[in-house]
file protein25.txt (compact mmCIF, C-alpha atoms and all ligand atoms)
# COMPACT_ATOMS: atom_id res chain seq x y z
CA MET A 6 -26.73 -10.33 110.16
CA THR A 7 -27.45 -9.09 106.67
CA LYS A 8 -24.30 -8.86 104.56
CA LYS A 9 -23.79 -6.19 101.97
CA ILE A 10 -22.66 -7.01 98.44
CA ALA A 11 -21.38 -4.26 96.15
CA VAL A 12 -22.33 -5.22 92.60
CA LEU A 13 -20.23 -3.58 89.88
CA PRO A 14 -21.39 -4.69 86.41
CA GLY A 15 -18.83 -2.64 84.44
CA ASP A 16 -18.74 -2.66 80.64
CA GLY A 17 -19.40 -4.77 77.55
CA ILE A 18 -20.97 -8.08 78.51
CA GLY A 19 -20.50 -7.17 82.20
CA PRO A 20 -24.10 -6.01 82.79
CA GLU A 21 -25.55 -9.06 80.97
CA ILE A 22 -23.63 -11.68 82.93
CA ILE A 23 -24.02 -9.84 86.24
CA ALA A 24 -27.80 -9.80 85.74
CA GLU A 25 -27.77 -13.61 85.69
CA ALA A 26 -25.56 -13.82 88.79
CA VAL A 27 -27.90 -11.42 90.60
CA LYS A 28 -30.80 -13.66 89.60
CA VAL A 29 -29.03 -16.57 91.28
CA LEU A 30 -28.38 -14.49 94.43
CA ASP A 31 -32.01 -13.34 94.51
CA THR A 32 -33.10 -16.96 94.35
CA LEU A 33 -30.80 -17.88 97.24
CA LYS A 34 -32.35 -15.00 99.19
CA SER A 35 -35.97 -15.89 98.53
CA ARG A 36 -35.74 -19.67 98.60
CA PHE A 37 -32.78 -20.51 100.84
CA GLY A 38 -32.73 -17.70 103.40
CA LEU A 39 -29.46 -16.09 102.35
CA LYS A 40 -29.26 -12.76 104.18
CA ILE A 41 -27.71 -10.25 101.82
CA GLU A 42 -28.49 -6.93 100.30
CA MET A 43 -27.04 -5.82 96.98
CA GLU A 44 -26.18 -2.35 95.76
CA LEU A 45 -25.09 -1.52 92.22
CA ALA A 46 -22.40 0.98 91.25
CA PRO A 47 -20.51 1.86 88.06
CA ILE A 48 -16.86 1.02 87.40
CA GLY A 49 -14.55 1.09 84.37
CA GLY A 50 -15.97 2.78 81.29
CA ALA A 51 -19.36 2.96 83.02
CA GLY A 52 -17.65 4.80 85.88
CA TYR A 53 -16.13 7.21 83.40
CA ASP A 54 -19.51 7.79 81.74
CA ALA A 55 -21.20 8.39 85.10
CA ALA A 56 -18.56 10.36 86.98
CA LYS A 57 -15.58 10.94 84.65
CA GLN A 58 -13.56 8.43 86.72
CA PRO A 59 -12.98 4.70 86.05
CA LEU A 60 -13.26 4.19 89.81
CA PRO A 61 -15.73 6.81 91.07
CA GLU A 62 -15.38 7.95 94.67
CA ALA A 63 -18.85 6.63 95.55
CA THR A 64 -18.11 3.21 94.04
CA LEU A 65 -14.92 2.85 96.06
CA LYS A 66 -16.73 3.91 99.21
CA LEU A 67 -19.46 1.34 98.62
CA ALA A 68 -16.88 -1.39 97.90
CA LYS A 69 -14.94 -0.56 101.05
CA ALA A 70 -18.07 -0.68 103.21
CA ALA A 71 -19.40 -3.90 101.65
CA ASN A 72 -18.65 -7.42 102.90
CA ALA A 73 -17.90 -8.55 99.36
CA VAL A 74 -17.75 -7.20 95.82
CA LEU A 75 -19.15 -8.86 92.71
CA LEU A 76 -17.67 -7.50 89.50
CA GLY A 77 -18.52 -8.09 85.82
CA ALA A 78 -15.81 -6.86 83.48
CA VAL A 79 -14.34 -3.57 82.34
CA GLY A 80 -13.11 -2.07 79.08
CA GLY A 81 -14.27 -1.21 75.60
CA PRO A 82 -12.92 0.27 72.36
CA GLN A 83 -14.76 3.57 72.92
CA TYR A 84 -12.45 4.23 75.89
CA ASP A 85 -9.17 3.27 74.20
CA ASN A 86 -8.17 6.83 73.41
CA LEU A 87 -8.68 8.24 76.88
CA PRO A 88 -5.59 9.20 78.85
CA ARG A 89 -4.16 6.11 80.55
CA GLU A 90 -5.28 7.10 84.06
CA LEU A 91 -8.91 7.38 82.90
CA ARG A 92 -9.08 4.06 81.08
CA PRO A 93 -11.44 1.38 82.40
CA GLU A 94 -8.59 -1.00 83.32
CA ARG A 95 -7.35 1.61 85.79
CA GLY A 96 -10.65 1.28 87.64
CA LEU A 97 -10.08 -2.44 88.07
CA LEU A 98 -6.45 -2.07 89.09
CA GLY A 99 -7.43 0.76 91.43
CA ILE A 100 -10.06 -1.22 93.29
CA ARG A 101 -7.75 -4.23 93.64
CA SER A 102 -5.08 -1.99 95.09
CA GLU A 103 -7.36 0.17 97.27
CA LEU A 104 -8.98 -2.88 98.83
CA GLY A 105 -5.63 -4.64 99.29
CA LEU A 106 -6.77 -7.70 97.32
CA PHE A 107 -3.34 -9.26 96.95
CA SER A 108 -4.32 -12.91 96.59
CA ASN A 109 -6.08 -13.79 93.36
CA LEU A 110 -7.38 -17.35 93.16
CA ARG A 111 -8.01 -18.57 89.64
CA PRO A 112 -9.18 -22.17 89.51
CA ALA A 113 -9.09 -24.07 86.26
CA LEU A 114 -11.49 -26.92 86.70
CA LEU A 115 -12.68 -29.05 83.83
CA TYR A 116 -16.28 -30.15 84.03
CA PRO A 117 -16.36 -33.70 82.62
CA GLN A 118 -19.34 -32.67 80.46
CA LEU A 119 -17.10 -30.18 78.64
CA VAL A 120 -14.16 -32.43 77.91
CA HIS A 121 -14.85 -32.11 74.17
CA ALA A 122 -15.09 -28.32 74.29
CA SER A 123 -11.38 -28.10 75.08
CA THR A 124 -9.01 -27.74 72.15
CA LEU A 125 -6.72 -30.26 73.88
CA LYS A 126 -7.06 -34.03 73.75
CA PRO A 127 -9.50 -35.45 76.32
CA GLU A 128 -6.80 -37.59 77.96
CA VAL A 129 -4.66 -34.48 78.54
CA VAL A 130 -7.37 -32.46 80.29
CA SER A 131 -9.96 -34.84 81.75
CA GLY A 132 -10.03 -34.59 85.53
CA LEU A 133 -8.11 -31.32 85.49
CA ASP A 134 -8.33 -29.33 88.73
CA ILE A 135 -5.65 -26.71 89.21
CA LEU A 136 -5.57 -23.44 91.06
CA ILE A 137 -3.45 -20.48 90.04
CA VAL A 138 -2.67 -18.14 92.93
CA ARG A 139 -1.75 -14.87 91.28
CA GLU A 140 -0.23 -12.00 93.26
CA LEU A 141 -2.51 -9.09 92.40
CA THR A 142 -1.36 -5.80 93.89
CA GLY A 143 2.35 -5.67 93.13
CA SER A 144 5.07 -6.21 90.54
CA ILE A 145 5.19 -4.54 87.15
CA TYR A 146 1.48 -3.65 87.23
CA PHE A 147 2.05 -1.14 90.02
CA GLY A 148 5.85 -0.69 90.26
CA LYS A 149 7.37 2.76 90.04
CA PRO A 150 8.99 4.46 88.23
CA ARG A 151 6.89 3.95 85.14
CA GLY A 152 6.13 6.04 82.10
CA ILE A 153 7.07 7.07 78.60
CA ARG A 154 9.86 9.63 78.29
CA THR A 155 12.15 11.22 75.74
CA ARG A 156 15.86 10.65 76.24
CA ASP A 157 18.46 13.37 75.83
CA ASP A 158 19.20 12.06 72.34
CA GLY A 159 15.56 12.56 71.39
CA VAL A 160 14.65 8.86 71.37
CA ARG A 161 11.44 7.97 73.23
CA GLU A 162 11.39 5.03 75.65
CA GLY A 163 8.77 3.30 77.72
CA PHE A 164 9.61 1.81 81.10
CA ASN A 165 8.05 -0.07 84.00
CA THR A 166 9.41 -1.50 87.21
CA MET A 167 9.04 -5.09 88.29
CA ILE A 168 9.38 -4.99 92.05
CA TYR A 169 8.41 -7.12 95.06
CA SER A 170 9.21 -6.55 98.70
CA GLU A 171 9.93 -9.54 100.92
CA PRO A 172 6.67 -9.15 102.90
CA GLU A 173 4.67 -9.07 99.66
CA ILE A 174 6.23 -12.33 98.52
CA GLU A 175 5.84 -13.89 101.93
CA ARG A 176 2.10 -13.19 102.22
CA ILE A 177 1.23 -14.50 98.77
CA ALA A 178 3.35 -17.60 99.44
CA ARG A 179 1.48 -18.21 102.70
CA SER A 180 -1.82 -17.73 100.93
CA ALA A 181 -0.83 -20.40 98.38
CA PHE A 182 0.48 -22.87 100.97
CA ASP A 183 -2.63 -22.45 103.16
CA ILE A 184 -4.85 -23.26 100.20
CA ALA A 185 -2.63 -26.16 99.09
CA MET A 186 -3.11 -27.71 102.56
CA LYS A 187 -6.84 -27.91 101.77
CA ARG A 188 -6.23 -29.39 98.30
CA GLY A 189 -3.56 -31.65 96.82
CA LYS A 190 -0.70 -30.34 99.02
CA LYS A 191 1.48 -29.43 96.04
CA VAL A 192 2.71 -25.94 95.22
CA CYS A 193 4.61 -25.02 92.08
CA SER A 194 6.14 -21.55 92.31
CA VAL A 195 6.55 -19.94 88.91
CA ASP A 196 9.21 -17.30 88.30
CA LYS A 197 11.98 -16.19 85.95
CA ALA A 198 14.84 -16.57 88.41
CA ASN A 199 17.32 -17.39 85.64
CA VAL A 200 17.06 -13.79 84.44
CA LEU A 201 15.38 -11.51 86.99
CA GLU A 202 16.62 -10.45 90.43
CA VAL A 203 13.05 -9.91 91.57
CA SER A 204 12.44 -13.59 90.82
CA GLU A 205 15.62 -14.59 92.64
CA LEU A 206 14.24 -13.00 95.81
CA TRP A 207 10.80 -14.50 95.09
CA ARG A 208 12.29 -18.00 94.93
CA GLU A 209 14.34 -17.50 98.09
CA VAL A 210 11.35 -16.24 100.12
CA VAL A 211 8.93 -18.91 98.84
CA THR A 212 11.49 -21.59 99.74
CA ARG A 213 11.81 -20.17 103.25
CA VAL A 214 8.03 -19.95 103.80
CA ALA A 215 7.70 -23.57 102.62
CA LYS A 216 9.58 -24.70 105.74
CA ASP A 217 6.46 -23.79 107.75
CA TYR A 218 4.45 -26.20 105.60
CA PRO A 219 6.38 -29.49 105.75
CA LYS A 220 3.38 -31.43 104.39
CA VAL A 221 3.31 -29.40 101.17
CA GLU A 222 5.57 -30.44 98.32
CA LEU A 223 7.17 -27.36 96.74
CA SER A 224 8.65 -27.15 93.25
CA HIS A 225 9.91 -24.21 91.20
CA MET A 226 9.48 -23.64 87.50
CA TYR A 227 10.49 -20.93 85.06
CA VAL A 228 7.49 -19.19 83.56
CA ASP A 229 8.25 -20.11 79.95
CA ASN A 230 8.47 -23.77 80.87
CA ALA A 231 5.32 -23.45 83.00
CA ALA A 232 3.39 -22.14 79.97
CA MET A 233 4.59 -25.12 77.97
CA GLN A 234 3.85 -27.64 80.75
CA LEU A 235 0.32 -26.23 81.12
CA VAL A 236 -0.54 -27.31 77.59
CA ARG A 237 1.68 -30.43 77.56
CA ALA A 238 0.71 -32.08 80.85
CA PRO A 239 -1.46 -29.78 82.95
CA LYS A 240 -2.51 -32.45 85.43
CA GLN A 241 0.97 -32.40 87.01
CA PHE A 242 -0.11 -29.19 88.80
CA ASP A 243 -2.18 -28.63 91.93
CA VAL A 244 -1.53 -25.06 93.14
CA MET A 245 0.64 -22.68 91.11
CA VAL A 246 1.76 -19.47 92.81
CA THR A 247 3.15 -16.63 90.77
CA ASP A 248 3.80 -12.97 90.04
CA ASN A 249 1.05 -10.57 88.95
CA MET A 250 1.91 -10.48 85.24
CA PHE A 251 2.95 -14.15 84.92
CA GLY A 252 -0.34 -15.06 86.61
CA ASP A 253 -2.31 -12.89 84.21
CA ILE A 254 -0.85 -14.77 81.26
CA LEU A 255 -0.81 -18.28 82.70
CA SER A 256 -4.42 -18.05 83.87
CA ASP A 257 -5.56 -17.29 80.32
CA VAL A 258 -3.60 -20.32 79.11
CA ALA A 259 -5.11 -22.49 81.86
CA SER A 260 -8.60 -21.30 80.99
CA MET A 261 -8.46 -22.82 77.53
CA LEU A 262 -7.68 -26.22 79.00
CA THR A 263 -11.18 -26.16 80.43
CA GLY A 264 -12.89 -25.48 77.12
CA SER A 265 -13.75 -21.84 77.55
CA ILE A 266 -12.62 -18.78 79.43
CA GLY A 267 -16.37 -18.27 79.89
CA MET A 268 -16.39 -20.96 82.59
CA LEU A 269 -13.77 -19.63 84.98
CA PRO A 270 -14.49 -17.68 88.17
CA SER A 271 -12.00 -15.93 90.41
CA ALA A 272 -11.65 -14.59 93.91
CA SER A 273 -9.37 -11.74 94.97
CA LEU A 274 -8.83 -11.73 98.71
CA ASP A 275 -7.36 -9.33 101.23
CA ALA A 276 -5.53 -10.32 104.40
CA LYS A 277 -8.81 -10.84 106.28
CA GLY A 278 -10.66 -12.86 103.64
CA LYS A 279 -12.78 -10.02 102.32
CA GLY A 280 -13.01 -10.48 98.61
CA MET A 281 -13.90 -9.30 95.18
CA TYR A 282 -15.33 -11.94 92.87
CA GLU A 283 -15.24 -11.77 89.10
CA PRO A 284 -15.06 -13.95 86.01
CA ILE A 285 -11.53 -14.10 84.65
CA HIS A 286 -12.67 -13.17 81.15
CA GLY A 287 -12.93 -9.60 79.91
CA SER A 288 -15.75 -7.39 78.68
CA ALA A 289 -15.86 -9.02 75.21
CA PRO A 290 -17.05 -5.90 73.34
CA ASP A 291 -17.46 -7.95 70.14
CA ILE A 292 -20.42 -9.87 71.61
CA ALA A 293 -21.73 -7.25 74.06
CA GLY A 294 -25.47 -6.65 73.86
CA LYS A 295 -26.10 -9.77 71.79
CA GLY A 296 -27.30 -11.86 74.71
CA ILE A 297 -24.97 -14.74 73.88
CA ALA A 298 -22.25 -14.40 76.55
CA ASN A 299 -21.71 -17.27 78.96
CA PRO A 300 -22.80 -16.19 82.47
CA LEU A 301 -21.42 -19.33 84.17
CA ALA A 302 -18.03 -17.85 85.14
CA THR A 303 -19.86 -15.06 86.97
CA ILE A 304 -22.36 -17.43 88.56
CA LEU A 305 -19.46 -19.63 89.69
CA SER A 306 -17.79 -16.49 91.08
CA VAL A 307 -20.87 -16.10 93.28
CA ALA A 308 -20.21 -19.64 94.54
CA MET A 309 -16.66 -18.63 95.44
CA MET A 310 -18.03 -15.58 97.25
CA LEU A 311 -20.35 -17.76 99.30
CA ARG A 312 -17.49 -20.10 100.15
CA TYR A 313 -14.65 -17.67 100.87
CA THR A 314 -16.31 -14.55 102.28
CA LEU A 315 -19.87 -15.33 103.33
CA ASN A 316 -19.20 -18.70 104.99
CA GLU A 317 -22.08 -20.35 103.15
CA ALA A 318 -20.32 -23.44 101.82
CA ALA A 319 -23.56 -25.41 101.45
CA LEU A 320 -25.02 -22.73 99.16
CA ALA A 321 -21.76 -22.60 97.22
CA ASP A 322 -22.04 -26.36 96.67
CA ARG A 323 -25.63 -25.87 95.59
CA ILE A 324 -24.63 -23.41 92.85
CA GLU A 325 -21.80 -25.60 91.62
CA GLN A 326 -24.09 -28.63 91.52
CA ALA A 327 -26.74 -26.62 89.67
CA VAL A 328 -24.16 -25.64 87.03
CA SER A 329 -23.10 -29.24 86.70
CA LYS A 330 -26.73 -30.33 86.31
CA VAL A 331 -27.35 -27.74 83.59
CA LEU A 332 -24.32 -29.08 81.72
CA ASP A 333 -25.64 -32.63 82.19
CA LEU A 334 -28.82 -31.48 80.49
CA GLY A 335 -26.76 -30.49 77.45
CA ILE A 336 -27.53 -26.79 77.79
CA ARG A 337 -24.69 -24.70 76.36
CA THR A 338 -23.88 -21.11 75.45
CA ALA A 339 -22.13 -20.63 72.10
CA ASP A 340 -18.60 -20.69 73.55
CA ILE A 341 -19.01 -24.23 74.95
CA TRP A 342 -21.42 -25.58 72.36
CA THR A 343 -20.54 -28.87 70.69
CA GLU A 344 -22.49 -31.01 68.21
CA GLY A 345 -25.53 -32.61 69.82
CA THR A 346 -25.98 -30.07 72.63
CA LYS A 347 -28.55 -27.29 72.91
CA LYS A 348 -27.37 -23.74 72.24
CA VAL A 349 -28.90 -21.07 74.48
CA GLY A 350 -28.34 -17.39 75.24
CA THR A 351 -27.13 -15.65 78.38
CA LYS A 352 -30.56 -15.25 79.96
CA GLU A 353 -31.70 -18.82 79.24
CA MET A 354 -28.48 -20.14 80.76
CA GLY A 355 -29.13 -18.08 83.91
CA ASP A 356 -32.72 -19.33 84.04
CA ALA A 357 -31.53 -22.92 83.67
CA VAL A 358 -29.15 -22.54 86.63
CA VAL A 359 -31.91 -20.96 88.74
CA ALA A 360 -34.23 -23.84 87.85
CA ALA A 361 -31.54 -26.35 88.83
CA LEU A 362 -30.86 -24.73 92.21
C1 LIG B 1 -7.37 -9.88 84.26
C2 LIG B 1 -7.36 -8.82 83.21
C3 LIG B 1 -6.83 -7.54 83.82
C4 LIG B 1 -5.41 -7.79 84.28
C5 LIG B 1 -6.90 -6.30 82.90
C6 LIG B 1 -8.30 -6.06 82.37
C7 LIG B 1 -6.37 -5.07 83.56
O1 LIG B 1 -6.63 -9.23 82.11
O2 LIG B 1 -8.04 -9.71 85.29
O3 LIG B 1 -6.71 -10.92 84.06
O4 LIG B 1 -4.47 -7.71 83.49
O5 LIG B 1 -5.23 -8.09 85.46
MG MG B 2 -5.96 -11.26 82.19

call {"tool": "encode", "arguments": {"input": "protein25.txt", "output": "structure tokens"}}
result
Amino acid sequence: MTKKIAVLPGDGIGPEIIAEAVKVLDTLKSRFGLKIEMELAPIGGAGYDAAKQPLPEATLKLAKAANAVLLGAVGGPQYDNLPRELRPERGLLGIRSELGLFSNLRPALLYPQLVHASTLKPEVVSGLDILIVRELTGSIYFGKPRGIRTRDDGVREGFNTMIYSEPEIERIARSAFDIAMKRGKKVCSVDKANVLEVSELWREVVTRVAKDYPKVELSHMYVDNAAMQLVRAPKQFDVMVTDNMFGDILSDVASMLTGSIGMLPSASLDAKGKGMYEPIHGSAPDIAGKGIANPLATILSVAMMLRYTLNEAALADRIEQAVSKVLDLGIRTADIWTEGTKKVGTKEMGDAVVAAL
């Protein structure tokens, strides 16, 4: 059966990197019999430009009907002064929430070829393979009440609510333990239980769920320490499971261990394994339109899509091997370029991956 992929390029470098990922998918269709059809729709600032909404009705409908969603990135300075509910980021948060994509998998894998692109010492990062499981539809990102108000004494204050229900914690914990069973069987749960009640409940529920996974070794860590440990000795981790906002921050930290945020894909899954796939980096308005962005994170997101939603593990392997081969050849975009390698643009990098498939 032909599967439908909703392709949402978004803003900034989004369209450029998505074009290369689509090229890879087209090649899998024509040369390896992958049965998919793709349909494009606007989101973020592009959604606002097209339909005055960061998540246009038609885009949401397409995403809901599709088997999987491939997303570029959203955001740009030209949208910064819009009312909050019309900003591009709201489109991204909206689609995550509307599709129930609560489990966000953010691998940080260091390709041996890029060991010198990392700002950390080779011995600290070589062989790194960690997975951050970020809760994606709850906590302070979505909690109510929220807003900016003026107090009786005339002073303005901003407020948000960090909140998790027990079932929300339980399902993300299960998601992390299930994945850990297929990896190194270690889960580190990251919280701020020394200060926050919401974290106290988080820790209690994760500990309870762990009893169903006796083969998995569970540890707990405060988020400040976890940030430090990630740059001190990142190889101590296998799977890290954490809150929406902590995961946002820690996954950016983890990305730099691998040399560039331009290398890291992600998957956001619902309870049934339907997913949205996107690079973890943003829309990078400073380099948009220059043709120099690294498309590999998006191409590797396609590999995750093949593995997690389309049940095409062999094709996923093929993409990952092609990326590895391209790196072996010394082909690099600017963000991962080091002395002695060949600097190429977005399109040439996409072409190189297609050639290596
Ligand atoms: C991410 C991004 C988003 C987030 C922004 C763009 C809303 O930083 O996917 O990590 O905070 O979740
Ligand atoms: Mg982020």

call {"tool": "residues_near_ligand", "arguments": {"input": "protein25.txt", "ligand": "ligand LIG 1 (chain B)", "cutoff": "6 Å", "atoms": "all atoms listed in the file", "output": "list in words"}}
result
Glu94, Asp253 and Ile285 of chain A

call {"tool": "write_last_selection", "arguments": {"input": "protein25.txt", "atoms": "C-alpha atoms", "output": "mmCIF file, keeping the file's coordinate frame"}}
result
data_model
loop_
_atom_site.group_PDB
_atom_site.id
_atom_site.type_symbol
_atom_site.label_atom_id
_atom_site.label_comp_id
_atom_site.auth_asym_id
_atom_site.auth_seq_id
_atom_site.Cartn_x
_atom_site.Cartn_y
_atom_site.Cartn_z
ATOM 1 C CA GLU A 94 -8.590 -1.000 83.320
ATOM 2 C CA ASP A 253 -2.310 -12.890 84.210
ATOM 3 C CA ILE A 285 -11.530 -14.100 84.650
#

call {"tool": "residues_around", "arguments": {"input": "protein25.txt", "residues": "region 54-68 of chain A", "least_positions_apart": "5", "cutoff": "10 Å", "atoms": "all atoms listed in the file", "output": "VMD selection string"}}
result
chain A and resid 9 to 13 15 44 to 49 73 to 75 79 to 80 84 90 to 100 103 to 104 280 to 281

call {"tool": "closest_atom_pairs", "arguments": {"input": "protein25.txt", "of": "chain A", "to": "ligand MG 2 (chain B)", "cutoff": "10 Å", "atoms": "only C-alpha atoms and all ligand atoms", "output": "JSON lines"}}
result
{"residue": "A:Asn249", "atom": "CA", "partner": "B:MG2", "partner_atom": "MG", "distance": 9.8}
{"residue": "A:Met250", "atom": "CA", "partner": "B:MG2", "partner_atom": "MG", "distance": 8.5}
{"residue": "A:Phe251", "atom": "CA", "partner": "B:MG2", "partner_atom": "MG", "distance": 9.8}
{"residue": "A:Gly252", "atom": "CA", "partner": "B:MG2", "partner_atom": "MG", "distance": 8.1}
{"residue": "A:Asp253", "atom": "CA", "partner": "B:MG2", "partner_atom": "MG", "distance": 4.5}
{"residue": "A:Ile254", "atom": "CA", "partner": "B:MG2", "partner_atom": "MG", "distance": 6.3}
{"residue": "A:Leu255", "atom": "CA", "partner": "B:MG2", "partner_atom": "MG", "distance": 8.7}
{"residue": "A:Ser256", "atom": "CA", "partner": "B:MG2", "partner_atom": "MG", "distance": 7.2}
{"residue": "A:Asp257", "atom": "CA", "partner": "B:MG2", "partner_atom": "MG", "distance": 6.3}
{"residue": "A:Val258", "atom": "CA", "partner": "B:MG2", "partner_atom": "MG", "distance": 9.9}
{"residue": "A:Ile285", "atom": "CA", "partner": "B:MG2", "partner_atom": "MG", "distance": 6.7}
{"residue": "A:His286", "atom": "CA", "partner": "B:MG2", "partner_atom": "MG", "distance": 7.1}
{"residue": "A:Gly287", "atom": "CA", "partner": "B:MG2", "partner_atom": "MG", "distance": 7.5}

call {"tool": "closest_residue", "arguments": {"input": "protein25.txt", "among": "A:Gly148, A:Gly52, A:Gly335, A:Gly350", "to": "Ile297 (chain A)", "atoms": "all atoms listed in the file"}}
result
A:Gly350

call {"tool": "closest_residue", "arguments": {"input": "protein25.txt", "among": "A:Val349, A:Ala78, A:Ile304, A:Ala339", "to": "Ala327 (chain A)", "atoms": "only C-alpha atoms"}}
result
A:Ile304

call {"tool": "closest_residue", "arguments": {"input": "protein25.txt", "among": "A:Pro300, A:Gly189, A:Pro82, A:Gly264", "to": "Thr124 (chain A)", "atoms": "all atoms listed in the file"}}
result
A:Gly264

call {"tool": "residues_around", "arguments": {"input": "protein25.txt", "residues": "Met310 (chain A)", "least_positions_apart": "2", "cutoff": "9 Å", "atoms": "all atoms listed in the file", "output": "list in words"}}
result
Ala73, Val74, Leu75, Ala272, Gly280, Met281, Tyr282, Leu305, Ser306, Val307, Ala308, Arg312, Tyr313, Thr314, Leu315, Asn316, Glu317 and Ala321 of chain A

call {"tool": "axis_aligned_box", "arguments": {"input": "protein25.txt", "around": "region 236-240 of chain A", "padding_each_side": "6 Å", "output": "JSON"}}
result
{"center_x": -0.4, "center_y": -29.9, "center_z": 81.5, "size_x": 16.2, "size_y": 17.1, "size_z": 19.9}

call {"tool": "residues_near_point", "arguments": {"input": "protein25.txt", "point": "(-28.7, -27.3, 73.2)", "cutoff": "6 Å", "atoms": "all atoms listed in the file", "output": "PyMOL selection string"}}
result
chain A and resi 335-337+346-348

call {"tool": "atom_distance", "arguments": {"input": "protein25.txt", "atom1": "CA of Asp196 (chain A)", "atom2": "CA of Lys149 (chain A)"}}
result
20.2 Å

call {"tool": "residues_around", "arguments": {"input": "protein25.txt", "residues": "region 23-25 of chain A", "least_positions_apart": "3", "cutoff": "10 Å", "atoms": "all atoms listed in the file", "output": "ChimeraX atom specification"}}
result
/A:12-15,18-20,28-31,75-78,283-284,299-301,303-304,307,351-356,358-359

call {"tool": "decode", "arguments": {"input": "protein25.txt", "residues": "region 279-284 of chain A", "atoms": "all heavy atoms", "output": "tab-separated table (two decimals), in the first residue's frame"}}
result
chain	number	residue	atom	x	y	z
A	279	LYS	N	2.88	6.54	14.89
A	279	LYS	CA	2.86	7.55	13.83
A	279	LYS	C	3.82	8.65	14.24
A	279	LYS	O	3.94	8.96	15.43
A	279	LYS	CB	1.47	8.12	13.64
A	279	LYS	CG	1.43	9.32	12.69
A	279	LYS	CD	0.04	9.69	12.29
A	279	LYS	CE	0.05	11.04	11.58
A	279	LYS	NZ	-1.24	11.37	11.00
A	280	GLY	N	4.49	9.26	13.27
A	280	GLY	CA	5.50	10.20	13.70
A	280	GLY	C	5.69	11.40	12.81
A	280	GLY	O	5.30	11.41	11.64
A	281	MET	N	6.30	12.40	13.42
A	281	MET	CA	6.76	13.56	12.68
A	281	MET	C	8.28	13.57	12.81
A	281	MET	O	8.81	13.35	13.89
A	281	MET	CB	6.17	14.83	13.27
A	281	MET	CG	6.59	16.07	12.52
A	281	MET	SD	5.53	17.46	12.91
A	281	MET	CE	6.33	18.07	14.38
A	282	TYR	N	8.95	13.82	11.70
A	282	TYR	CA	10.40	13.70	11.66
A	282	TYR	C	10.99	15.04	11.26
A	282	TYR	O	10.55	15.63	10.28
A	282	TYR	CB	10.79	12.58	10.69
A	282	TYR	CG	10.23	11.26	11.18
A	282	TYR	CD1	8.92	10.88	10.90
A	282	TYR	CD2	10.97	10.46	12.04
A	282	TYR	CE1	8.38	9.72	11.43
A	282	TYR	CE2	10.44	9.29	12.56
A	282	TYR	CZ	9.14	8.92	12.25
A	282	TYR	OH	8.61	7.79	12.78
A	283	GLU	N	11.96	15.48	12.03
A	283	GLU	CA	12.54	16.81	11.76
A	283	GLU	C	13.96	16.87	12.30
A	283	GLU	O	14.29	16.19	13.27
A	283	GLU	CB	11.68	17.91	12.40
A	283	GLU	CG	11.51	17.72	13.89
A	283	GLU	CD	10.70	18.82	14.59
A	283	GLU	OE1	10.99	19.99	14.36
A	283	GLU	OE2	9.82	18.47	15.39
A	284	PRO	N	14.80	17.72	11.67
A	284	PRO	CA	16.11	17.96	12.26
A	284	PRO	C	15.92	18.68	13.59
A	284	PRO	O	14.92	19.38	13.77
A	284	PRO	CB	16.78	18.89	11.24
A	284	PRO	CG	15.65	19.57	10.54
A	284	PRO	CD	14.54	18.57	10.50
